[in-house]
$ cat query-v1.txt   # compact mmCIF, C-alpha atoms and all ligand atoms
# COMPACT_ATOMS: atom_id res chain seq x y z
CA MET A 71 0.00 0.00 0.00
CA PRO A 72 1.45 3.38 -0.86
CA GLU A 73 2.37 5.39 2.21
CA LEU A 74 3.32 9.05 2.54
CA PRO A 75 6.71 8.77 0.74
CA GLU A 76 5.18 6.98 -2.23
CA VAL A 77 2.33 9.47 -2.44
CA GLU A 78 4.81 12.37 -2.17
CA ASN A 79 6.71 10.94 -5.13
CA VAL A 80 3.56 10.73 -7.21
CA ALA A 81 2.58 14.28 -6.20
CA ARG A 82 6.01 15.59 -7.18
CA ALA A 83 5.91 13.82 -10.52
CA LEU A 84 2.46 15.19 -11.30
CA ARG A 85 3.59 18.67 -10.30
CA ASP A 86 6.86 18.50 -12.26
CA ASN A 87 5.27 17.20 -15.43
CA LEU A 88 1.85 18.74 -15.57
CA THR A 89 1.89 22.13 -13.83
CA GLY A 90 0.70 24.72 -16.32
CA VAL A 91 -0.76 22.13 -18.68
CA ARG A 92 -4.41 22.18 -19.68
CA LEU A 93 -6.64 19.15 -19.25
CA THR A 94 -8.22 18.74 -22.67
CA GLY A 95 -10.15 15.54 -22.08
CA LEU A 96 -11.01 12.89 -19.54
CA GLN A 97 -11.92 9.35 -20.55
CA VAL A 98 -13.76 7.39 -17.92
CA GLY A 99 -13.86 3.61 -18.16
CA PHE A 100 -14.95 2.70 -14.63
CA ALA A 101 -16.76 5.53 -12.85
CA GLY A 102 -16.99 3.63 -9.54
CA ILE A 103 -13.73 5.19 -8.33
CA LEU A 104 -15.11 8.71 -8.86
CA GLY A 105 -16.92 10.51 -6.05
CA GLN A 106 -19.17 12.26 -8.58
CA SER A 107 -20.56 11.18 -11.93
CA ALA A 108 -18.24 10.98 -14.92
CA ARG A 109 -20.20 13.81 -16.53
CA LYS A 110 -19.89 16.08 -13.51
CA THR A 111 -16.19 15.32 -13.06
CA ARG A 112 -15.50 15.94 -16.71
CA SER A 113 -17.39 19.22 -16.84
CA ALA A 114 -15.66 20.47 -13.69
CA LEU A 115 -12.12 19.72 -14.84
CA VAL A 116 -11.83 19.62 -18.61
CA GLY A 117 -10.64 22.91 -20.06
CA LYS A 118 -8.84 23.93 -16.87
CA VAL A 119 -5.09 24.12 -16.25
CA LEU A 120 -3.37 22.09 -13.53
CA THR A 121 -1.74 24.66 -11.25
CA ASP A 122 -0.56 22.65 -8.25
CA VAL A 123 -0.68 19.36 -6.38
CA TYR A 124 -1.09 19.56 -2.62
CA ARG A 125 -0.37 16.54 -0.45
CA HIS A 126 -1.75 15.88 3.01
CA GLY A 127 -0.89 12.50 4.53
CA LYS A 128 -1.72 9.95 1.86
CA TYR A 129 -4.12 12.29 0.07
CA MET A 130 -3.35 14.43 -2.94
CA ILE A 131 -5.40 17.38 -4.10
CA LEU A 132 -4.95 18.42 -7.72
CA TRP A 133 -5.71 22.07 -8.34
CA PHE A 134 -7.30 23.08 -11.62
CA GLU A 135 -7.81 26.69 -12.66
CA GLY A 136 -10.15 27.95 -15.36
CA ASP A 137 -9.38 30.88 -17.66
CA ASP A 138 -11.85 32.94 -15.62
CA GLY A 139 -9.90 32.20 -12.41
CA SER A 140 -12.41 29.65 -11.11
CA MET A 141 -10.90 26.73 -9.21
CA GLU A 142 -11.76 23.06 -9.02
CA TYR A 143 -10.03 20.57 -6.73
CA LEU A 144 -9.72 16.84 -7.32
CA MET A 145 -8.76 14.88 -4.24
CA VAL A 146 -7.06 11.55 -4.94
CA HIS A 147 -6.62 8.74 -2.45
CA LEU A 148 -4.65 5.89 -4.00
CA ARG A 149 -5.57 3.44 -1.22
CA MET A 150 -4.18 -0.02 -2.02
CA THR A 151 -3.33 -0.03 -5.70
CA GLY A 152 -4.03 3.32 -7.37
CA GLN A 153 -1.33 4.37 -9.85
CA PHE A 154 -0.67 7.16 -12.34
CA PHE A 155 1.35 6.42 -15.47
CA ILE A 156 2.86 8.89 -17.87
CA LEU A 157 4.79 6.71 -20.28
CA ASP A 158 4.91 7.15 -24.04
CA ASP A 159 4.92 3.42 -24.56
CA PHE A 160 2.42 2.60 -21.82
CA VAL A 161 -0.09 0.03 -23.03
CA PRO A 162 -3.39 0.39 -21.17
CA ASP A 163 -4.83 -2.83 -19.80
CA LYS A 164 -8.21 -3.58 -18.26
CA HIS A 165 -7.13 -2.00 -14.96
CA VAL A 166 -6.86 1.48 -16.48
CA HIS A 167 -10.05 3.27 -15.47
CA LEU A 168 -9.30 6.88 -16.37
CA ILE A 169 -7.24 8.62 -19.01
CA PHE A 170 -6.47 12.26 -18.28
CA GLU A 171 -5.65 13.96 -21.58
CA PHE A 172 -3.23 16.77 -20.85
CA ASP A 173 -2.87 18.65 -24.10
CA GLY A 174 -1.63 15.66 -26.09
CA LEU A 175 -0.10 13.83 -23.15
CA ASP A 176 -2.11 10.90 -21.82
CA VAL A 177 -1.89 10.20 -18.12
CA HIS A 178 -3.32 6.79 -17.30
CA TYR A 179 -4.92 6.07 -13.97
CA ARG A 180 -4.82 2.40 -13.11
CA ASP A 181 -6.17 0.56 -10.10
CA ILE A 182 -6.24 -3.21 -9.89
CA ARG A 183 -8.40 -3.43 -6.77
CA LYS A 184 -10.57 -0.39 -7.46
CA PHE A 185 -10.49 0.84 -3.85
CA SER A 186 -9.02 4.20 -4.74
CA ARG A 187 -11.11 7.31 -4.83
CA LEU A 188 -11.09 10.56 -6.81
CA ASP A 189 -13.44 13.21 -5.44
CA LEU A 190 -14.21 16.77 -6.38
CA VAL A 191 -13.80 18.76 -3.15
CA GLU A 192 -14.51 22.37 -2.23
CA ASP A 193 -11.07 23.37 -0.95
CA GLY A 194 -7.50 22.77 -2.10
CA VAL A 195 -5.95 22.44 1.34
CA ALA A 196 -8.54 21.69 4.00
CA PRO A 197 -11.71 20.26 2.46
CA ALA A 198 -14.45 18.95 4.78
CA ALA A 199 -13.62 15.44 3.58
CA LEU A 200 -10.26 15.70 5.38
CA ALA A 201 -11.67 17.03 8.65
CA HIS A 202 -11.18 13.63 10.33
CA VAL A 203 -7.53 13.45 9.24
CA GLY A 204 -4.84 14.76 11.58
CA PRO A 205 -1.93 17.04 10.61
CA ASP A 206 0.56 15.78 8.06
CA MET A 207 3.28 13.68 9.67
CA MET A 208 6.08 15.42 7.75
CA LYS A 209 4.90 18.90 8.73
CA VAL A 210 3.52 18.50 12.24
CA ARG A 211 5.47 20.23 15.02
CA PHE A 212 6.46 18.21 18.04
CA SER A 213 4.44 20.37 20.45
CA GLU A 214 1.22 19.74 18.53
CA TRP A 215 1.93 16.05 18.00
CA HIS A 216 2.84 15.62 21.66
CA LYS A 217 -0.49 17.16 22.67
CA ARG A 218 -2.26 14.58 20.55
CA ILE A 219 -0.30 11.50 21.58
CA GLY A 220 1.69 12.17 24.76
CA SER A 221 -0.80 10.99 27.38
CA ARG A 222 -2.38 8.14 25.40
CA LYS A 223 -2.47 4.63 26.83
CA ALA A 224 -2.80 2.55 23.66
CA PRO A 225 0.27 0.87 22.12
CA ILE A 226 2.38 3.50 20.37
CA LYS A 227 2.33 1.51 17.16
CA SER A 228 -1.48 1.70 16.92
CA LEU A 229 -1.42 5.43 17.65
CA LEU A 230 1.21 6.08 15.00
CA LEU A 231 -1.00 4.29 12.48
CA ASN A 232 -4.04 6.32 13.57
CA GLN A 233 -4.46 8.87 10.78
CA GLY A 234 -6.65 11.03 13.03
CA ILE A 235 -3.61 11.80 15.22
CA ALA A 236 -1.20 12.49 12.37
CA ALA A 237 -1.49 11.47 8.75
CA GLY A 238 0.94 9.62 6.55
CA LEU A 239 2.66 6.90 8.55
CA GLY A 240 1.76 3.34 7.59
CA ASN A 241 2.93 -0.06 8.68
CA ILE A 242 6.34 0.05 6.99
CA TYR A 243 7.54 3.36 8.35
CA VAL A 244 6.02 2.90 11.79
CA ASP A 245 8.05 -0.27 12.33
CA GLU A 246 11.16 1.45 10.99
CA SER A 247 10.70 4.58 13.14
CA LEU A 248 10.18 2.61 16.33
CA PHE A 249 13.25 0.50 15.65
CA LEU A 250 15.38 3.59 15.02
CA ALA A 251 14.10 5.21 18.21
CA GLY A 252 14.62 1.98 20.20
CA VAL A 253 10.98 1.89 21.29
CA HIS A 254 8.97 -1.33 21.67
CA PRO A 255 5.82 -1.19 19.49
CA GLU A 256 3.58 -1.99 22.48
CA THR A 257 4.91 0.80 24.68
CA ARG A 258 2.26 3.27 25.84
CA PRO A 259 3.16 6.89 25.05
CA CYS A 260 2.11 7.87 28.60
CA ASP A 261 5.05 5.76 29.85
CA LEU A 262 7.58 7.56 27.64
CA ASP A 263 9.36 10.80 28.44
CA SER A 264 9.00 13.61 25.94
CA GLU A 265 12.60 13.25 24.83
CA THR A 266 11.94 9.70 23.64
CA LEU A 267 8.68 10.72 21.97
CA HIS A 268 10.52 13.55 20.27
CA ASP A 269 12.98 10.99 18.96
CA VAL A 270 10.15 8.81 17.60
CA LEU A 271 8.73 11.75 15.62
CA LYS A 272 12.17 12.83 14.42
CA ARG A 273 13.04 9.30 13.27
CA GLY A 274 9.65 8.97 11.59
CA LYS A 275 10.21 12.15 9.59
CA HIS A 276 13.77 11.14 8.82
CA VAL A 277 12.93 7.67 7.54
CA MET A 278 10.15 9.07 5.36
CA ARG A 279 12.44 11.74 3.95
CA LEU A 280 14.99 9.04 3.06
CA ALA A 281 12.27 6.94 1.46
CA ILE A 282 11.02 9.94 -0.56
CA ASN A 283 14.54 10.45 -1.86
CA HIS A 284 14.76 6.81 -2.87
CA GLY A 285 11.50 6.88 -4.78
CA GLY A 286 9.56 5.10 -2.04
CA THR A 287 9.41 1.46 -1.07
CA THR A 288 8.00 -1.03 -3.49
CA PHE A 289 5.72 -3.75 -2.27
CA MET A 290 3.58 -5.58 -4.76
CA ASN A 291 1.73 -2.93 -6.67
CA PHE A 292 3.34 0.39 -6.06
CA ARG A 293 5.12 1.89 -9.02
CA ASN A 294 6.01 5.50 -9.30
CA PHE A 295 4.83 7.76 -12.05
CA TYR A 296 7.44 6.59 -14.50
CA GLY A 297 6.67 2.90 -14.02
CA LYS A 298 9.80 2.39 -11.92
CA PRO A 299 9.67 0.62 -8.59
CA GLY A 300 10.98 2.53 -5.58
CA ASN A 301 14.27 1.23 -4.23
CA PHE A 302 13.98 1.93 -0.54
CA ARG A 303 13.13 -1.67 0.32
CA ARG A 304 16.71 -2.82 0.75
CA LYS A 305 17.30 -0.04 3.26
CA LEU A 306 14.61 -1.29 5.62
CA ARG A 307 15.89 -2.37 9.02
CA VAL A 308 12.98 -4.42 10.39
CA TYR A 309 9.92 -4.33 8.14
CA GLY A 310 9.58 -7.62 6.27
CA ARG A 311 12.62 -9.06 8.09
CA GLY A 312 10.98 -11.11 10.88
CA GLY A 313 13.17 -14.05 11.96
CA GLN A 314 16.29 -12.48 10.42
CA PRO A 315 19.14 -11.05 12.49
CA CYS A 316 18.94 -7.43 13.69
CA ARG A 317 21.38 -5.31 11.70
CA ASP A 318 22.48 -3.55 14.89
CA CYS A 319 22.83 -6.28 17.51
CA GLY A 320 22.40 -9.61 15.69
CA SER A 321 19.38 -10.76 17.75
CA LYS A 322 16.64 -12.55 15.92
CA LEU A 323 13.94 -10.03 14.94
CA GLU A 324 10.55 -10.95 16.35
CA LYS A 325 7.30 -10.97 14.50
CA THR A 326 4.12 -10.16 16.38
CA VAL A 327 0.74 -8.52 15.95
CA VAL A 328 -0.04 -5.10 17.45
CA GLY A 329 -3.47 -3.59 16.98
CA GLY A 330 -4.24 -6.16 14.32
CA ARG A 331 -1.18 -5.30 12.22
CA GLY A 332 1.84 -7.50 11.55
CA THR A 333 4.79 -6.01 13.40
CA VAL A 334 8.52 -6.72 13.40
CA PHE A 335 10.86 -5.48 16.11
CA CYS A 336 14.16 -6.29 17.80
CA PRO A 337 13.64 -7.65 21.34
CA GLU A 338 17.09 -6.33 22.36
CA CYS A 339 17.18 -2.90 20.75
CA GLN A 340 13.50 -2.23 21.52
CA ALA A 341 13.01 -3.58 25.04
CA LEU A 342 9.56 -2.89 26.49
CA SER A 343 9.78 -0.11 29.06
CA THR A 344 6.92 0.18 31.52
ZN ZN B 401 18.80 -5.31 17.75

$ encode --input "query-v1.txt" --output "structure tokens" --more "lines below"
Ligand SMILES: [Zn+2]
Amino acid sequence: MPELPEVENVARALRDNLTGVRLTGLQVGFAGILGQSARKTRSALVGKVLTDVYRHGKYMILWFEGDDGSMEYLMVHLRMTGQFFILDDFVPDKHVHLIFEFDGLDVHYRDIRKFSRLDLVEDGVAPAALAHVGPDMMKVRFSEWHKRIGSRKAPIKSLLLNQGIAAGLGNIYVDESLFLAGVHPETRPCDLDSETLHDVLKRGKHVMRLAINHGGTTFMNFRNFYGKPGNFRRKLRVYGRGGQPCRDCGSKLEKTVVGGRGTVFCPECQALST
């Protein structure tokens, strides 16, 4: 599933390639991924110029401006398997549901599982549809994040995955951040001092920044805009490495379940503090 770094890469690619380009057509194969009808979506967007792509957590909002200055915003949530492709030699298959025609350049939107969602929203930064989503993990300040998480009694792993507290972290980067901060995934934030919590946030931001710079992590279906897999996977310290030796201390990494999610951690480097 694409997480914040993967979504950031897609947002950057859309911005780099399409800013200032007019949407001249929109072909809709499967309208079930659209929040509004194909007709409504088409009439809102076609003829307008893409002016920016804003990212919040795992959501992207594409900004379209009309010649009269009117704005339309298309919010995209890739969910499990949503992908944009901008390849000259891309051959559409049955999983391509939308083709955005950008002034002669076809951008294909593909989604094998069809869980993704593209909605027209009323605001380019803070639409009502995002009201339940917390601040972006890359941008949130420690003081605000600490207010939201510091006194909580649930396992820290579950809280880091809770998009209402802060948006963007998913299973991969949560396991990586907790390993780097030396924090057991079942620790309760209320049992941690603020210095340690600060470290968790810092490591989380750091690991996501690294992943963004490596094009994201590829698992199964994520491909970036250019059809290339991300190459961050081999940098991962714990995620997907259960049963293998810890790269820091050599202990066997343990695999467990926290809050219903598969979790890998090092029993030595991440001892449970209570
Ligand atoms: Zn270790």

$ residues_near_ligand --input "query-v1.txt" --ligand "ligand ZN 401 (chain B)" --cutoff "9 Å" --atoms "only C-alpha atoms and all ligand atoms" --output "ChimeraX atom specification"
/A:249,252,315-323,335-340

$ atom_distance --input "query-v1.txt" --atom1 "CA of Gly105 in chain A" --atom2 "CA of Asp189 in chain A"
4.4 Å

$ residues_around --input "query-v1.txt" --residues "Leu120 in chain A" --least-positions-apart "3" --cutoff "9 Å" --atoms "all atoms listed in the file" --output "list in words"
Arg85, Leu88, Thr89, Gly90, Val91, Arg92, Leu93, Val123, Leu132, Trp133, Phe134 and Glu135 of chain A

$ residues_around --input "query-v1.txt" --residues "Pro162 in chain A" --least-positions-apart "4" --cutoff "9 Å" --atoms "only C-alpha atoms" --output "PyMOL selection string"
chain A and resi 166+178+180

$ atom_distance --input "query-v1.txt" --atom1 "CA of Ser186 in chain A" --atom2 "CA of Val210 in chain A"
25.5 Å

$ residues_near_point --input "query-v1.txt" --point "(5.4, 0.0, 27.8)" --cutoff "10 Å" --atoms "only C-alpha atoms" --output "list in words"
Lys223, Ala224, Pro225, Ile226, Val253, His254, Pro255, Glu256, Thr257, Arg258, Pro259, Cys260, Asp261, Leu262, Ala341, Leu342, Ser343 and Thr344 of chain A

$ write_last_selection --input "query-v1.txt" --atoms "C-alpha atoms" --output "PDB file, in the frame of the given file"
ATOM      1  CA  LYS A 223      -2.470   4.630  26.830  1.00  0.00           C
ATOM      2  CA  ALA A 224      -2.800   2.550  23.660  1.00  0.00           C
ATOM      3  CA  PRO A 225       0.270   0.870  22.120  1.00  0.00           C
ATOM      4  CA  ILE A 226       2.380   3.500  20.370  1.00  0.00           C
ATOM      5  CA  VAL A 253      10.980   1.890  21.290  1.00  0.00           C
ATOM      6  CA  HIS A 254       8.970  -1.330  21.670  1.00  0.00           C
ATOM      7  CA  PRO A 255       5.820  -1.190  19.490  1.00  0.00           C
ATOM      8  CA  GLU A 256       3.580  -1.990  22.480  1.00  0.00           C
ATOM      9  CA  THR A 257       4.910   0.800  24.680  1.00  0.00           C
ATOM     10  CA  ARG A 258       2.260   3.270  25.840  1.00  0.00           C
ATOM     11  CA  PRO A 259       3.160   6.890  25.050  1.00  0.00           C
ATOM     12  CA  CYS A 260       2.110   7.870  28.600  1.00  0.00           C
ATOM     13  CA  ASP A 261       5.050   5.760  29.850  1.00  0.00           C
ATOM     14  CA  LEU A 262       7.580   7.560  27.640  1.00  0.00           C
ATOM     15  CA  ALA A 341      13.010  -3.580  25.040  1.00  0.00           C
ATOM     16  CA  LEU A 342       9.560  -2.890  26.490  1.00  0.00           C
ATOM     17  CA  SER A 343       9.780  -0.110  29.060  1.00  0.00           C
ATOM     18  CA  THR A 344       6.920   0.180  31.520  1.00  0.00           C
TER      19      THR A 344
END

$ atom_distance --input "query-v1.txt" --atom1 "CA of Thr333 in chain A" --atom2 "CA of Tyr309 in chain A"
7.5 Å
